[in-house]
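**Student:** Questions regarding the structure given below will be posed in turn.
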Amino acid sequence: MSVISHTQDSNPKLPWLSLLALSMAGFICIMTETVPAGLLPHISNGLSVSTSLAGQLVTLYAIGSLVAAIPVTFATQSWKRKPLLLFAIGLFFIFNTVTALSSNYTLTLVARFFAGVGAGIVWSMLTGYARRMVPQELKGRATAIAMVGTPIALSLGVPIGTILGESLGWRPVFIIMSILAFILIIWIIAKVPDFPGNSSGNRVSIYKVFTISGVRPILSVVLLWMIAHNILYTYIAPFLVEMNLGSKVGISLFIFGGLSLIGIWITGVLIDKKLRLLILLSLIGFSLTTLLFQFMGGYPASIFVGIALWGITFGGAATLLQTALAQSVGENNVDIAMSMNTTVWNAAIAGGGIIGGILLDSFGSNSFPLAIFILTILAIVIVTSNKKHAFVKQ
């Protein structure tokens, strides 16, 4: 078994190649999830279904991730970490290939579901894996590096995937993602250390982890923050149309993604010393974004400033919340806690889509800022009122 030792190193260094492999795993997860959204007309033509039915490729992926995260993580607690990670990436390789080759709609939906299962496994183990590679003083930074694939995929990967899909066809895009998964499998085998799972006598109870002080407040903030984020992210196009910026969706998403990268860089630098402060500043920054949208929406420059602020405050969100959760539960409980986080996170994505759709149909997209502001303020209240067991450095 290959492990990284820290005990003999008075000046420990980050295992960059190992952490970047985890980052690529996150990149593949996000790419596989979101690329179909930009290629729905092509997919609907290729599978001879309506655009709305083609959209269910995104839905089935999310369902696979949502329903698999907790039970699969619990069932595989005793597995060594490296074989489990390889199994998850193998699911991407197999089922992205099936998606690329399939001409049967039902088979494609099944493939998307099992790709989502792979994502549920990856998201549940990524933070714990990264933290086990480094000593205590580098755990937050290691988590930030492992999570950097997410904003890269959102800011660069998805637009590039959409452009390639429009020029080459949607099937080659899924072949490319299968090739990336195969490359990552080789990378993991060569460079990522292995760690033992929990022995049968040390299997962690889901209920026990859920009742640890700090877990429920953190998951509540995850739910509120991500619902608020996804109301805006899911319906950014109609929101910008309402602000007379309908032709600037691409530019807006590029600004958001680019500033997200800066946000996660700031998080990586400061997280091991300023966790709670960063969470509060991120939430306060997001609330300021909504105020800009609400009261300065008539000025395009204000909208772009707000989008930039939104990006920089969201970039480190996953890292901050997962680090807070990991610190609350202790290292032996991290994977189970992250499976809960994955479930809540995906529920929030769905919730943001549902709530945003209701608001859009009932009141128009100009109702988004107030709703997001309320959700964000509730999250700030939870953070400020839970100083002892949650959102603290331990």
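So you can find residues: chains in the structure tokens are A, B, ... in the order shown, residues in each start at 1, and ligands are numbered from 1 in order.
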Just list the residues in stretch 53-189 of chain A DSSP gives alpha helix (DSSP H) on the backbone, as a PyMOL selection string.

**Tutor:** chain A and resi 53-54+56-75+81-101+105-132+139-147+149-152+158-168+170-189

**Student:** Need to verify the contact set: stretch 357-363 of chain A, 10 Å, only C-alpha atoms, exclusion of same-chain residues closer than 5 positions in sequence. Can you return it as a list in words?

**Tutor:** Ile231, Thr234, Tyr235, Pro238, Phe239, Gly351, Gly352, Phe368 and Ala371 of chain A

**Student:** Can you pull out every residue within 8 Å of A:Ala347, counting only C-alpha atoms, but drop anything in the same chain fewer than 4 positions away, and send it as a PyMOL selection string?

**Tutor:** chain A and resi 66+223+343+351

**Student:** Would you put the residues from that selection into a file with C-alpha atoms, as an mmCIF file, in the first residue's frame?

**Tutor:**
```
data_model
loop_
_atom_site.group_PDB
_atom_site.id
_atom_site.type_symbol
_atom_site.label_atom_id
_atom_site.label_comp_id
_atom_site.auth_asym_id
_atom_site.auth_seq_id
_atom_site.Cartn_x
_atom_site.Cartn_y
_atom_site.Cartn_z
ATOM 1 C CA LEU A 66 -28.477 12.064 -5.273
ATOM 2 C CA LEU A 223 -28.964 23.902 1.541
ATOM 3 C CA THR A 343 -27.145 14.558 -1.126
ATOM 4 C CA GLY A 351 -34.651 23.021 -5.126
#
```

**Student:** Nearest to A:Leu126 among A:Thr150, A:Ser220, A:Thr313, A:Gln56, with distances taken over only C-alpha atoms: which residue is it?

**Tutor:**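 Looking only at the distances to A:Leu126, the closest residue turns out to be A:Thr150.
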
**Student:** Taking into account only C-alpha atoms, which residue in the set A:Phe74, A:Phe314, A:Phe93, A:Phe87 is nearest to A:Ile179?

**Tutor:**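 Closest to A:Ile179, using only C-alpha atoms: A:Phe93.
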
**Student:** Hey, what's within 12 Å of A:Thr127 if we count only C-alpha atoms and toss same-chain stuff fewer than 3 positions away? As a PyMOL selection string, please?

**Tutor:** chain A and resi 19+22-23+25-26+81+121-124+130-134+139-148+318-327+331+333-339+341-342

**Student:** Quick one, how far is atom CA of A:Pro159 from atom CA of A:Phe27?

**Tutor:**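 Taking atom CA of A:Pro159 and atom CA of A:Phe27, their separation equals 13.3 Å.
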
**Student:** In terms of the shortest atom-to-atom distance over only C-alpha atoms, which of A:Pro151, A:Gly55, A:Pro15, A:Gly306 is closest to A:Lys191?

**Tutor:**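 Answer, going by the shortest atom-to-atom distance: A:Pro15.
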
**Student:** Pick from A:Trp345, A:Phe293, A:Tyr129, A:Tyr207: nearest to A:Leu219, with only C-alpha atoms counted?

**Tutor:**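 So, comparing all the options, the nearest one is A:Trp345.
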
**Student:** Quick check, in Å to one decimal: how far apart do atom CA of A:Gly258 and atom CA of A:Phe182 lie?

**Tutor:**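 We find that atom CA of A:Gly258 and atom CA of A:Phe182 lie 27.5 Å from each other.
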
**Student:** Can you pull out the residues contacting A:Glu242? Cut-off 9 Å, using only C-alpha atoms, and skip same-chain residues under 4 positions away; I want them as a VMD selection string.

**Tutor:** chain A and resid 237 to 238 246 364 to 366

**Student:** Excluding A:Leu280 and residues on its chain fewer than 5 positions from it, collect all residues at most 9 Å away from it, counting only C-alpha atoms, and give them as a list in words.

**Tutor:**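 The residues that qualify are Leu275, Gly285, Ile380, Val383 and Thr384 of chain A.
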
**Student:** Export N, CA and C atoms of the chosen residues as an mmCIF file, in the first residue's frame?

**Tutor:**
```
data_model
loop_
_atom_site.group_PDB
_atom_site.id
_atom_site.type_symbol
_atom_site.label_atom_id
_atom_site.label_comp_id
_atom_site.auth_asym_id
_atom_site.auth_seq_id
_atom_site.Cartn_x
_atom_site.Cartn_y
_atom_site.Cartn_z
ATOM 1 N N LEU A 275 -11.242 30.118 8.250
ATOM 2 C CA LEU A 275 -12.382 29.400 7.690
ATOM 3 C C LEU A 275 -13.704 30.134 7.916
ATOM 4 N N GLY A 285 -20.867 38.851 0.779
ATOM 5 C CA GLY A 285 -20.622 39.292 -0.588
ATOM 6 C C GLY A 285 -21.754 38.908 -1.530
ATOM 7 N N ILE A 380 -26.388 33.347 6.923
ATOM 8 C CA ILE A 380 -25.494 34.149 7.763
ATOM 9 C C ILE A 380 -25.881 34.023 9.234
ATOM 10 N N VAL A 383 -24.584 30.729 10.588
ATOM 11 C CA VAL A 383 -23.129 30.750 10.803
ATOM 12 C C VAL A 383 -22.782 31.536 12.058
ATOM 13 N N THR A 384 -23.376 32.709 12.224
ATOM 14 C CA THR A 384 -23.027 33.554 13.362
ATOM 15 C C THR A 384 -23.538 33.000 14.695
#
```

**Student:** List as CSV every residue of stretch 127-183 of chain A that is in contact with stretch 28-46 of chain A, defined as an atom at most 10 Å from one of its atoms (using only C-alpha atoms), together with the nearest atom pair and the distance in Å rounded to one decimal, sorted by chain and then rising number.

**Tutor:**
```
residue,atom,partner,partner_atom,distance
A:Gly149,CA,A:Ile28,CA,8.1
A:Thr150,CA,A:Ile30,CA,6.3
A:Pro151,CA,A:Ile30,CA,8.9
A:Ile152,CA,A:Ile30,CA,9.3
A:Ala153,CA,A:Met31,CA,6.0
A:Leu154,CA,A:Ile30,CA,7.2
A:Leu156,CA,A:Met31,CA,9.9
A:Gly157,CA,A:Met31,CA,6.6
A:Val158,CA,A:Val35,CA,5.6
A:Pro159,CA,A:Gly38,CA,8.0
A:Ile160,CA,A:Val35,CA,9.3
A:Gly161,CA,A:Val35,CA,6.3
A:Thr162,CA,A:Gly38,CA,5.5
A:Ile163,CA,A:Gly38,CA,8.9
A:Leu164,CA,A:Leu39,CA,9.8
A:Gly165,CA,A:Leu39,CA,6.7
A:Glu166,CA,A:Leu39,CA,7.4
A:Gly169,CA,A:His42,CA,7.3
A:Trp170,CA,A:His42,CA,6.5
A:Arg171,CA,A:Ile43,CA,8.4
A:Val173,CA,A:Val35,CA,8.5
A:Phe174,CA,A:Thr32,CA,7.9
A:Met177,CA,A:Ile28,CA,7.0
A:Ser178,CA,A:Ile28,CA,9.1
A:Leu180,CA,A:Ile28,CA,7.6
A:Ala181,CA,A:Ile28,CA,7.2
```

**Student:** Taking only C-alpha atoms into account, which of A:Pro369, A:Pro300, A:Gly257, A:Gly118 comes nearest A:Phe286?

**Tutor:**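 Checking each candidate against A:Phe286, we get A:Pro369 as the closest.
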
**Student:** Which residue out of A:Val305, A:Ile284, A:Val192, A:Leu47 has the minimum interatomic distance to A:Trp16 when only C-alpha atoms are used?

**Tutor:**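 Using only C-alpha atoms, A:Trp16 sits closest to A:Val192.
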